[in-house]
file input.tsv (TSV, C-alpha atoms and all ligand atoms)
chain	number	residue	atom	x	y	z
A	27	MET	CA	129.33	126.80	75.58
A	28	ALA	CA	129.52	123.37	77.22
A	29	GLY	CA	127.28	120.41	76.48
A	30	ARG	CA	126.95	116.72	77.29
A	31	VAL	CA	126.12	114.27	74.55
A	32	LEU	CA	125.39	110.54	74.82
A	33	PHE	CA	126.60	108.46	71.87
A	34	LEU	CA	124.89	105.11	71.37
A	35	PRO	CA	126.87	103.41	68.57
A	36	GLY	CA	124.65	100.31	68.48
A	37	ASP	CA	124.92	97.59	65.87
A	38	GLY	CA	126.37	96.97	62.40
A	39	ILE	CA	127.77	100.14	60.84
A	40	GLY	CA	126.58	102.25	63.80
A	41	PRO	CA	130.00	102.34	65.57
A	42	GLU	CA	131.81	103.19	62.31
A	43	VAL	CA	129.62	106.16	61.42
A	44	LEU	CA	129.53	107.48	64.99
A	45	ARG	CA	133.32	107.49	65.13
A	46	GLU	CA	133.30	110.06	62.31
A	47	ALA	CA	130.40	111.97	63.86
A	48	ARG	CA	132.42	112.24	67.06
A	49	ARG	CA	135.41	113.64	65.20
A	50	VAL	CA	133.21	116.26	63.58
A	51	LEU	CA	131.59	117.26	66.87
A	52	GLU	CA	134.99	117.53	68.54
A	53	ALA	CA	136.30	119.60	65.62
A	54	VAL	CA	133.33	121.98	65.92
A	55	GLY	CA	134.22	122.34	69.60
A	56	GLU	CA	137.81	123.22	68.74
A	57	VAL	CA	137.06	125.60	65.88
A	58	TYR	CA	134.27	127.47	67.69
A	59	GLY	CA	135.48	127.23	71.26
A	60	HIS	CA	132.82	124.95	72.76
A	61	ARG	CA	133.23	121.96	75.03
A	62	PHE	CA	131.27	118.82	74.24
A	63	ASP	CA	131.60	115.99	76.73
A	64	ILE	CA	130.81	112.77	74.91
A	65	VAL	CA	129.87	109.62	76.80
A	66	GLU	CA	129.11	106.26	75.19
A	67	ALA	CA	126.77	103.45	76.16
A	68	PRO	CA	125.37	100.25	74.61
A	69	ILE	CA	122.03	99.81	72.79
A	70	GLY	CA	120.51	97.22	70.45
A	71	ASP	CA	121.56	93.69	69.61
A	72	GLY	CA	125.00	94.07	71.17
A	73	ALA	CA	123.46	95.25	74.43
A	74	LEU	CA	120.93	92.43	74.30
A	75	GLU	CA	123.68	89.84	73.98
A	76	ARG	CA	125.90	91.30	76.68
A	77	PHE	CA	123.35	92.51	79.19
A	78	GLY	CA	120.15	90.72	78.22
A	79	ASP	CA	118.48	94.06	77.50
A	80	PRO	CA	118.52	96.14	74.27
A	81	LEU	CA	118.27	99.30	76.38
A	82	PRO	CA	120.20	98.55	79.61
A	83	GLU	CA	119.41	100.41	82.80
A	84	ASP	CA	122.72	102.33	82.73
A	85	THR	CA	122.00	103.53	79.20
A	86	ARG	CA	118.55	104.71	80.28
A	87	ALA	CA	119.98	106.57	83.24
A	88	LEU	CA	122.55	108.37	81.08
A	89	ALA	CA	120.02	109.21	78.37
A	90	VAL	CA	117.92	111.30	80.72
A	91	GLU	CA	120.79	113.32	82.15
A	92	VAL	CA	122.57	114.53	79.00
A	93	ASP	CA	121.60	117.38	76.64
A	94	ALA	CA	121.31	115.24	73.52
A	95	VAL	CA	121.54	111.63	72.38
A	96	LEU	CA	123.01	110.39	69.08
A	97	VAL	CA	122.19	106.84	67.96
A	98	GLY	CA	124.28	105.02	65.33
A	99	ALA	CA	122.06	102.15	64.23
A	100	VAL	CA	120.12	99.42	65.96
A	101	GLY	CA	119.18	95.86	65.10
A	102	LEU	CA	120.79	93.29	62.87
A	103	ALA	CA	118.85	91.77	60.03
A	104	VAL	CA	119.41	88.29	61.35
A	105	ARG	CA	118.05	86.59	64.41
A	106	SER	CA	120.66	86.70	67.13
A	107	ALA	CA	121.21	83.92	69.62
A	108	HIS	CA	119.27	85.85	72.21
A	109	GLY	CA	116.32	87.17	70.35
A	110	THR	CA	114.91	88.49	67.15
A	111	GLU	CA	115.29	91.71	65.27
A	112	VAL	CA	112.13	92.87	66.98
A	113	ASP	CA	113.88	92.59	70.35
A	114	ALA	CA	116.86	94.70	69.28
A	115	SER	CA	114.64	97.36	67.71
A	116	ARG	CA	112.74	97.52	70.97
A	117	GLY	CA	115.81	99.20	72.49
A	118	LEU	CA	115.36	102.09	70.10
A	119	LEU	CA	111.58	102.21	70.44
A	120	ASP	CA	111.90	102.25	74.25
A	121	LEU	CA	114.50	105.03	74.04
A	122	ARG	CA	112.21	107.15	71.86
A	123	ARG	CA	109.41	106.79	74.37
A	124	LEU	CA	111.73	107.40	77.31
A	125	LEU	CA	112.79	110.75	75.83
A	126	GLY	CA	109.26	111.62	74.72
A	127	ASN	CA	110.21	113.07	71.35
A	128	HIS	CA	107.02	112.78	69.33
A	129	ALA	CA	108.19	114.58	66.17
A	130	ASN	CA	110.81	112.93	63.99
A	131	LEU	CA	112.12	115.41	61.42
A	132	ARG	CA	113.71	113.89	58.33
A	133	PRO	CA	114.90	116.58	55.92
A	134	VAL	CA	115.63	115.58	52.35
A	135	SER	CA	117.40	118.01	50.09
A	136	VAL	CA	119.66	117.28	47.17
A	137	PRO	CA	122.96	119.14	47.24
A	138	GLU	CA	123.96	120.38	43.78
A	139	ALA	CA	127.01	118.11	43.94
A	140	LEU	CA	124.75	115.06	44.10
A	141	VAL	CA	122.24	116.00	41.40
A	142	ALA	CA	124.22	114.14	38.78
A	143	ARG	CA	124.62	111.10	41.05
A	144	SER	CA	120.89	110.66	41.73
A	145	PRO	CA	119.27	107.71	39.97
A	146	LEU	CA	116.56	110.17	38.84
A	147	ARG	CA	117.02	112.69	36.05
A	148	PRO	CA	118.67	115.98	37.12
A	149	GLU	CA	115.62	118.10	36.26
A	150	ARG	CA	113.52	115.99	38.63
A	151	VAL	CA	115.78	116.22	41.67
A	152	ARG	CA	117.47	119.61	41.35
A	153	GLY	CA	116.00	121.85	44.05
A	154	VAL	CA	114.23	119.09	46.01
A	155	ASP	CA	113.80	120.35	49.57
A	156	LEU	CA	111.29	118.56	51.76
A	157	VAL	CA	110.95	117.38	55.36
A	158	VAL	CA	109.12	114.30	56.51
A	159	VAL	CA	107.52	115.08	59.88
A	160	ARG	CA	106.96	111.58	61.20
A	161	GLU	CA	104.90	110.84	64.32
A	162	LEU	CA	107.32	108.80	66.42
A	163	LEU	CA	105.65	107.60	69.60
A	164	GLY	CA	102.39	106.04	68.47
A	165	GLY	CA	100.64	104.08	65.76
A	166	ILE	CA	101.23	100.46	64.83
A	167	TYR	CA	104.76	100.54	66.29
A	168	TYR	CA	103.36	100.55	69.81
A	169	GLY	CA	99.68	99.64	69.42
A	170	ARG	CA	98.16	96.84	71.48
A	171	PRO	CA	97.04	94.15	71.02
A	172	ARG	CA	99.82	92.64	68.99
A	173	GLY	CA	101.05	89.10	68.72
A	174	ILE	CA	101.04	85.78	66.99
A	175	GLU	CA	98.50	83.37	68.44
A	176	ASP	CA	96.93	80.18	67.16
A	177	GLY	CA	98.02	80.73	63.58
A	178	VAL	CA	96.94	84.40	63.53
A	179	ALA	CA	99.25	87.42	63.53
A	180	PHE	CA	98.03	90.90	64.46
A	181	ASP	CA	99.24	94.46	65.09
A	182	THR	CA	97.15	97.50	65.97
A	183	GLU	CA	97.29	100.91	64.35
A	184	ILE	CA	96.02	103.23	67.05
A	185	TYR	CA	96.08	107.02	67.30
A	186	THR	CA	94.46	109.37	69.77
A	187	GLU	CA	93.12	112.76	68.73
A	188	GLU	CA	95.75	114.38	70.94
A	189	GLU	CA	98.63	112.50	69.28
A	190	ILE	CA	97.48	113.50	65.79
A	191	ARG	CA	96.87	117.10	66.83
A	192	ARG	CA	100.31	117.38	68.42
A	193	ILE	CA	102.23	116.10	65.38
A	194	SER	CA	100.06	118.20	63.05
A	195	VAL	CA	100.92	121.34	65.02
A	196	SER	CA	104.63	120.43	64.75
A	197	ALA	CA	104.29	120.09	60.97
A	198	PHE	CA	102.41	123.38	60.53
A	199	GLU	CA	104.82	125.28	62.77
A	200	LEU	CA	107.76	123.93	60.78
A	201	ALA	CA	106.05	124.84	57.50
A	202	ARG	CA	105.90	128.45	58.71
A	203	THR	CA	109.70	128.54	58.71
A	204	ARG	CA	109.82	127.04	55.20
A	205	ARG	CA	107.69	127.21	52.01
A	206	ARG	CA	104.38	127.09	53.89
A	207	LYS	CA	102.97	123.90	52.49
A	208	VAL	CA	101.83	120.80	54.41
A	209	THR	CA	100.77	117.52	52.78
A	210	SER	CA	99.23	115.06	55.23
A	211	ILE	CA	99.61	111.41	54.28
A	212	ASP	CA	97.02	108.75	55.01
A	213	LYS	CA	95.08	105.80	53.64
A	214	ALA	CA	91.67	107.32	54.29
A	215	ASN	CA	90.01	105.36	51.49
A	216	VAL	CA	90.49	102.18	53.53
A	217	LEU	CA	91.51	102.68	57.17
A	218	GLU	CA	89.44	104.09	60.03
A	219	SER	CA	92.60	105.34	61.72
A	220	SER	CA	93.40	107.28	58.54
A	221	ILE	CA	89.90	108.76	58.23
A	222	PHE	CA	90.37	110.03	61.77
A	223	TRP	CA	93.93	111.25	61.01
A	224	ARG	CA	92.67	113.22	58.00
A	225	ARG	CA	89.82	114.79	60.00
A	226	ILE	CA	92.12	115.97	62.81
A	227	ALA	CA	94.86	117.23	60.45
A	228	GLU	CA	92.27	119.18	58.45
A	229	GLY	CA	90.94	120.64	61.68
A	230	VAL	CA	94.39	121.84	62.73
A	231	SER	CA	94.95	123.30	59.25
A	232	ARG	CA	92.12	125.77	59.93
A	233	ASP	CA	94.31	127.35	62.62
A	234	TYR	CA	96.97	127.93	59.94
A	235	PRO	CA	95.26	129.82	57.10
A	236	ASP	CA	98.68	131.01	55.89
A	237	ILE	CA	99.75	127.43	55.14
A	238	GLU	CA	98.68	125.60	51.99
A	239	PHE	CA	97.24	122.27	53.14
A	240	SER	CA	96.19	119.08	51.43
A	241	SER	CA	95.80	115.39	52.23
A	242	MET	CA	97.22	112.69	49.98
A	243	LEU	CA	96.82	108.92	49.96
A	244	VAL	CA	100.03	107.14	50.86
A	245	ASP	CA	100.18	105.04	47.69
A	246	ASN	CA	99.81	108.15	45.56
A	247	CYS	CA	102.48	109.89	47.65
A	248	ALA	CA	104.88	107.00	47.04
A	249	MET	CA	104.47	107.63	43.32
A	250	GLN	CA	104.55	111.44	43.51
A	251	LEU	CA	107.83	111.34	45.47
A	252	ILE	CA	109.52	109.87	42.41
A	253	ARG	CA	107.42	111.57	39.71
A	254	ASP	CA	107.58	115.15	41.02
A	255	PRO	CA	109.32	115.42	44.40
A	256	ARG	CA	109.62	119.21	44.22
A	257	GLN	CA	105.90	119.60	44.88
A	258	PHE	CA	106.49	118.71	48.55
A	259	ASP	CA	107.55	120.95	51.41
A	260	VAL	CA	106.41	119.35	54.69
A	261	LEU	CA	105.05	115.80	54.65
A	262	LEU	CA	102.98	115.01	57.75
A	263	THR	CA	102.89	111.26	58.43
A	264	SER	CA	102.10	108.52	60.89
A	265	ASN	CA	104.93	106.49	62.38
A	266	LEU	CA	104.77	103.68	59.80
A	267	PHE	CA	104.10	105.76	56.68
A	268	GLY	CA	106.94	108.14	57.61
A	269	ASP	CA	109.34	105.25	58.07
A	270	ILE	CA	108.59	103.91	54.61
A	271	LEU	CA	108.38	107.20	52.72
A	272	SER	CA	111.62	108.55	54.19
A	273	ASP	CA	113.57	105.54	52.90
A	274	GLU	CA	111.99	106.13	49.51
A	275	ALA	CA	112.83	109.85	49.59
A	276	ALA	CA	116.46	108.94	50.28
A	277	VAL	CA	116.72	107.64	46.75
A	278	LEU	CA	116.34	111.22	45.51
A	279	VAL	CA	119.61	112.12	47.22
A	280	GLY	CA	121.26	109.02	45.84
A	281	SER	CA	121.82	107.12	49.07
A	282	LEU	CA	120.08	106.31	52.34
A	283	GLY	CA	123.45	106.92	53.97
A	284	MET	CA	123.06	110.67	53.43
A	285	LEU	CA	119.96	111.33	55.52
A	286	PRO	CA	119.97	112.68	59.08
A	287	SER	CA	117.06	112.93	61.49
A	288	ALA	CA	116.16	114.76	64.67
A	289	SER	CA	113.43	113.87	67.10
A	290	VAL	CA	112.03	116.75	69.08
A	291	GLY	CA	109.22	117.58	71.46
A	292	GLY	CA	110.78	116.23	74.69
A	293	ASP	CA	113.43	117.84	76.89
A	294	ILE	CA	116.38	115.93	75.41
A	295	GLY	CA	116.90	115.83	71.65
A	296	LEU	CA	117.36	112.46	69.97
A	297	TYR	CA	119.36	112.30	66.74
A	298	GLU	CA	119.74	109.35	64.39
A	299	PRO	CA	120.80	108.83	60.81
A	300	VAL	CA	117.82	107.44	58.88
A	301	HIS	CA	119.73	104.36	57.72
A	302	GLY	CA	119.83	101.05	59.56
A	303	ALA	CA	122.62	98.79	60.81
A	304	ALA	CA	123.47	97.43	57.32
A	305	PRO	CA	125.14	94.22	58.64
A	306	ASP	CA	126.12	93.24	55.09
A	307	ILE	CA	128.70	96.04	54.91
A	308	ALA	CA	129.53	96.39	58.62
A	309	GLY	CA	133.19	96.33	59.62
A	310	ARG	CA	134.46	96.99	56.10
A	311	GLY	CA	135.06	100.72	56.52
A	312	ILE	CA	132.88	101.65	53.55
A	313	ALA	CA	129.70	102.95	55.23
A	314	ASN	CA	128.64	106.52	54.50
A	315	PRO	CA	129.06	108.64	57.66
A	316	VAL	CA	127.27	111.71	56.24
A	317	GLY	CA	123.83	110.83	57.68
A	318	ALA	CA	125.38	110.63	61.16
A	319	ILE	CA	127.43	113.79	60.62
A	320	LEU	CA	124.41	115.77	59.42
A	321	SER	CA	122.52	114.47	62.45
A	322	VAL	CA	125.23	116.17	64.53
A	323	ALA	CA	124.55	119.33	62.51
A	324	MET	CA	120.85	119.13	63.43
A	325	MET	CA	121.86	118.64	67.08
A	326	LEU	CA	124.00	121.78	66.98
A	327	ASP	CA	121.03	123.76	65.76
A	328	LEU	CA	118.09	122.23	67.63
A	329	THR	CA	119.63	121.27	70.99
A	330	PHE	CA	122.49	123.74	71.33
A	331	ALA	CA	121.00	126.67	69.37
A	332	LEU	CA	124.20	127.03	67.31
A	333	PRO	CA	122.90	127.71	63.78
A	334	ASP	CA	126.28	129.02	62.53
A	335	GLU	CA	128.01	125.83	63.59
A	336	GLU	CA	125.22	123.77	62.00
A	337	GLY	CA	125.67	125.72	58.77
A	338	ALA	CA	129.41	125.17	58.90
A	339	VAL	CA	129.04	121.39	59.17
A	340	ARG	CA	126.61	121.33	56.27
A	341	ALA	CA	128.88	123.56	54.20
A	342	ALA	CA	131.84	121.30	54.98
A	343	VAL	CA	129.89	118.23	53.83
A	344	ASN	CA	128.86	120.03	50.63
A	345	ARG	CA	132.40	121.18	49.97
A	346	VAL	CA	133.69	117.60	50.19
A	347	LEU	CA	130.92	116.34	47.90
A	348	GLU	CA	131.60	119.15	45.43
A	349	ASP	CA	135.23	118.11	45.37
A	350	GLY	CA	133.98	114.79	44.00
A	351	TYR	CA	134.50	112.69	47.11
A	352	GLY	CA	132.01	110.16	48.35
A	353	THR	CA	131.74	106.69	49.85
A	354	VAL	CA	131.00	103.82	47.51
A	355	ASP	CA	127.20	104.18	47.87
A	356	LEU	CA	127.40	107.57	46.17
A	357	HIS	CA	129.14	106.27	43.05
A	358	ALA	CA	131.77	108.97	43.56
A	359	ASP	CA	132.47	110.78	40.32
A	360	GLY	CA	134.76	113.62	39.31
A	361	GLY	CA	137.31	110.99	38.39
A	362	ARG	CA	137.79	110.03	42.02
A	363	ALA	CA	137.62	106.55	43.46
A	364	PRO	CA	135.22	106.01	46.39
A	365	VAL	CA	136.74	106.84	49.79
A	366	SER	CA	136.47	104.99	53.09
A	367	THR	CA	134.25	105.94	56.03
A	368	ALA	CA	137.24	107.29	57.96
A	369	ARG	CA	138.60	109.25	55.00
A	370	MET	CA	135.19	110.84	54.42
A	371	GLY	CA	135.12	111.94	58.06
A	372	GLU	CA	138.66	113.25	57.83
A	373	LEU	CA	137.86	115.27	54.69
A	374	ILE	CA	134.80	116.82	56.34
A	375	VAL	CA	136.81	117.72	59.45
A	376	GLY	CA	139.44	119.26	57.17
A	377	ALA	CA	136.83	121.29	55.27
A	378	LEU	CA	135.32	122.50	58.55
A	379	GLY	CA	138.44	124.45	59.31
A	380	THR	CA	138.30	126.26	55.98
A	381	VAL	CA	134.60	126.96	55.26
A	382	GLY	CA	133.96	130.63	55.65
A	383	LYS	CA	130.70	132.37	56.45
A	384	ALA	CA	130.25	132.90	52.70
A	385	ASP	CA	129.55	129.18	52.29
A	386	GLN	CA	126.76	129.05	54.83
B	401	LIG	C1	114.14	104.06	61.31
B	401	LIG	C2	114.33	102.59	61.48
B	401	LIG	C3	113.65	102.14	62.76
B	401	LIG	C4	112.17	102.46	62.62
B	401	LIG	C5	113.84	100.66	63.12
B	401	LIG	C6	115.31	100.29	63.21
B	401	LIG	C7	113.12	100.32	64.39
B	401	LIG	O1	113.86	101.91	60.36
B	401	LIG	O2	114.48	104.83	62.24
B	401	LIG	O3	113.65	104.49	60.25
B	401	LIG	O4	111.43	101.72	61.98
B	401	LIG	O5	111.74	103.49	63.17
B	402	MG	MG	113.33	103.19	58.73
call {"tool": "encode", "arguments": {"input": "input.tsv", "output": "structure tokens"}}
result
Amino acid sequence: MAGRVLFLPGDGIGPEVLREARRVLEAVGEVYGHRFDIVEAPIGDGALERFGDPLPEDTRALAVEVDAVLVGAVGLAVRSAHGTEVDASRGLLDLRRLLGNHANLRPVSVPEALVARSPLRPERVRGVDLVVVRELLGGIYYGRPRGIEDGVAFDTEIYTEEEIRRISVSAFELARTRRRKVTSIDKANVLESSIFWRRIAEGVSRDYPDIEFSSMLVDNCAMQLIRDPRQFDVLLTSNLFGDILSDEAAVLVGSLGMLPSASVGGDIGLYEPVHGAAPDIAGRGIANPVGAILSVAMMLDLTFALPDEEGAVRAAVNRVLEDGYGTVDLHADGGRAPVSTARMGELIVGALGTVGKADQ
């Protein structure tokens, strides 16, 4: 099989984690006899400074002609000389819209090797296996009007019936391949947009009588995720609520650096680790590349329909974690000192050659 993939390293730790993701993708190609042509292009703050645009025209053109796009991280936490963090993030938001992927899938499961490293008690996190299905192209991220005028700041949470229906269908369809449970998240005790969200999600649930459905208020969900995360299978959320809850869910695994994501629904898959640019640790070779590497695994499955290869990457990651390795964010145990970003990638590539079907 041959495929073309666009890598957008972006800002902060993005280039460091994508370097390891590239090595893993190339290793999969070698081990399984596929050819992946990888091209790179700029996005984010760096692109804004060099080209005056966080999503330059050349990047746009490439993004629509490849099979899949992998983003490292976008936006520095400080105001750059040329703009604000909002401007850099716009590169990513424009890219999401360009590719038309409305469903952002953020799986959260705790590998046995990390149970002991979670800040929560083992009995709370062992067996956690949930997916946040986050609406990615609407809501307050894009709503108009927005602005700061005459001492007043405003954003608009806006959802059409069609947008809510579409993401609900994605969540219910995914639940059918899993434990058949959907929890829709809203703030329907306060917000009109949430009352509407709840009504539409409930309506769609009637087409899926085989799926257990409930709605939950977002503040309650934030608590339940820590109190009893195993109750969740598929979490159906708006753009903003999914952004917030997925960072929270990352704590269960022990580090935000572990989580991958895939955005689907358009013709070209978009893959991004859930973490941000982390400028405070950028350039030090300590960032966790696993979120980026597992995003490659999701790409192998969802874009290239290679579930065995996806399983092999996940098994390789688990093998390395079981051997007690981890970057500093994982408080590596097993008597081992934390390893660097590059070493983590190297270990995973090494494990890839040895994981057998039995591990998958
Ligand atoms: C994420 C990030 C982005 C988002 C930012 C960088 C725009 O936090 O993918 O979760 O809010 O969607
Ligand atoms: Mg986020």
call {"tool": "closest_residue", "arguments": {"input": "input.tsv", "among": "A:Gly78, A:Pro305, A:Gly295, A:Gly268", "to": "Gly164 in chain A", "atoms": "only C-alpha atoms"}}
result
A:Gly268
call {"tool": "atom_distance", "arguments": {"input": "input.tsv", "atom1": "CA of Gly379 in chain A", "atom2": "CA of Gly29 in chain A"}}
result
20.9 Å
call {"tool": "closest_atom_pairs", "arguments": {"input": "input.tsv", "of": "chain A", "to": "ligand LIG 401 (chain B)", "cutoff": "8 Å", "atoms": "only C-alpha atoms and all ligand atoms", "output": "JSON lines"}}
result
{"residue": "A:Ala99", "atom": "CA", "partner": "B:LIG401", "partner_atom": "C6", "distance": 7.1}
{"residue": "A:Val100", "atom": "CA", "partner": "B:LIG401", "partner_atom": "C6", "distance": 5.6}
{"residue": "A:Gly101", "atom": "CA", "partner": "B:LIG401", "partner_atom": "C6", "distance": 6.2}
{"residue": "A:Val112", "atom": "CA", "partner": "B:LIG401", "partner_atom": "C7", "distance": 7.9}
{"residue": "A:Ser115", "atom": "CA", "partner": "B:LIG401", "partner_atom": "C7", "distance": 4.7}
{"residue": "A:Arg116", "atom": "CA", "partner": "B:LIG401", "partner_atom": "C7", "distance": 7.2}
{"residue": "A:Leu118", "atom": "CA", "partner": "B:LIG401", "partner_atom": "C7", "distance": 6.4}
{"residue": "A:Leu119", "atom": "CA", "partner": "B:LIG401", "partner_atom": "C7", "distance": 6.5}
{"residue": "A:Leu162", "atom": "CA", "partner": "B:LIG401", "partner_atom": "O5", "distance": 7.6}
{"residue": "A:Asn265", "atom": "CA", "partner": "B:LIG401", "partner_atom": "O5", "distance": 7.5}
{"residue": "A:Leu266", "atom": "CA", "partner": "B:LIG401", "partner_atom": "O4", "distance": 7.3}
{"residue": "A:Asp269", "atom": "CA", "partner": "B:LIG401", "partner_atom": "O3", "distance": 4.9}
{"residue": "A:Ile270", "atom": "CA", "partner": "B:LIG401", "partner_atom": "O3", "distance": 7.6}
{"residue": "A:Ser272", "atom": "CA", "partner": "B:LIG401", "partner_atom": "O3", "distance": 7.6}
{"residue": "A:Asp273", "atom": "CA", "partner": "B:LIG401", "partner_atom": "O3", "distance": 7.4}
{"residue": "A:Glu298", "atom": "CA", "partner": "B:LIG401", "partner_atom": "O2", "distance": 7.3}
{"residue": "A:Pro299", "atom": "CA", "partner": "B:LIG401", "partner_atom": "O2", "distance": 7.6}
{"residue": "A:Val300", "atom": "CA", "partner": "B:LIG401", "partner_atom": "O3", "distance": 5.3}
{"residue": "A:His301", "atom": "CA", "partner": "B:LIG401", "partner_atom": "O3", "distance": 6.6}
{"residue": "A:Gly302", "atom": "CA", "partner": "B:LIG401", "partner_atom": "C6", "distance": 5.9}
{"residue": "A:Ala303", "atom": "CA", "partner": "B:LIG401", "partner_atom": "C6", "distance": 7.8}
call {"tool": "residues_around", "arguments": {"input": "input.tsv", "residues": "Ala87 in chain A", "least_positions_apart": "5", "cutoff": "12 Å", "atoms": "only C-alpha atoms", "output": "list in words"}}
result
Leu32, Ala67, Pro68, Leu81, Pro82, Val92, Leu121, Leu124 and Leu125 of chain A
call {"tool": "closest_atom_pairs", "arguments": {"input": "input.tsv", "of": "range 226-264 of chain A", "to": "range 167-185 of chain A", "cutoff": "12 Å", "atoms": "only C-alpha atoms", "output": "Markdown table"}}
result
| residue | atom | partner | partner_atom | distance |
| --- | --- | --- | --- | --- |
| A:Ile226 | CA | A:Tyr185 | CA | 10.8 |
| A:Thr263 | CA | A:Tyr185 | CA | 12.0 |
| A:Ser264 | CA | A:Tyr185 | CA | 8.9 |
call {"tool": "atom_distance", "arguments": {"input": "input.tsv", "atom1": "CA of Glu189 in chain A", "atom2": "CA of Asp212 in chain A"}}
result
14.8 Å
call {"tool": "atom_distance", "arguments": {"input": "input.tsv", "atom1": "CA of Leu271 in chain A", "atom2": "CA of Ala308 in chain A"}}
result
24.5 Å
call {"tool": "closest_residue", "arguments": {"input": "input.tsv", "among": "A:Leu282, A:Leu262, A:Ile64, A:Met27", "to": "Leu200 in chain A", "atoms": "only C-alpha atoms"}}
result
A:Leu262
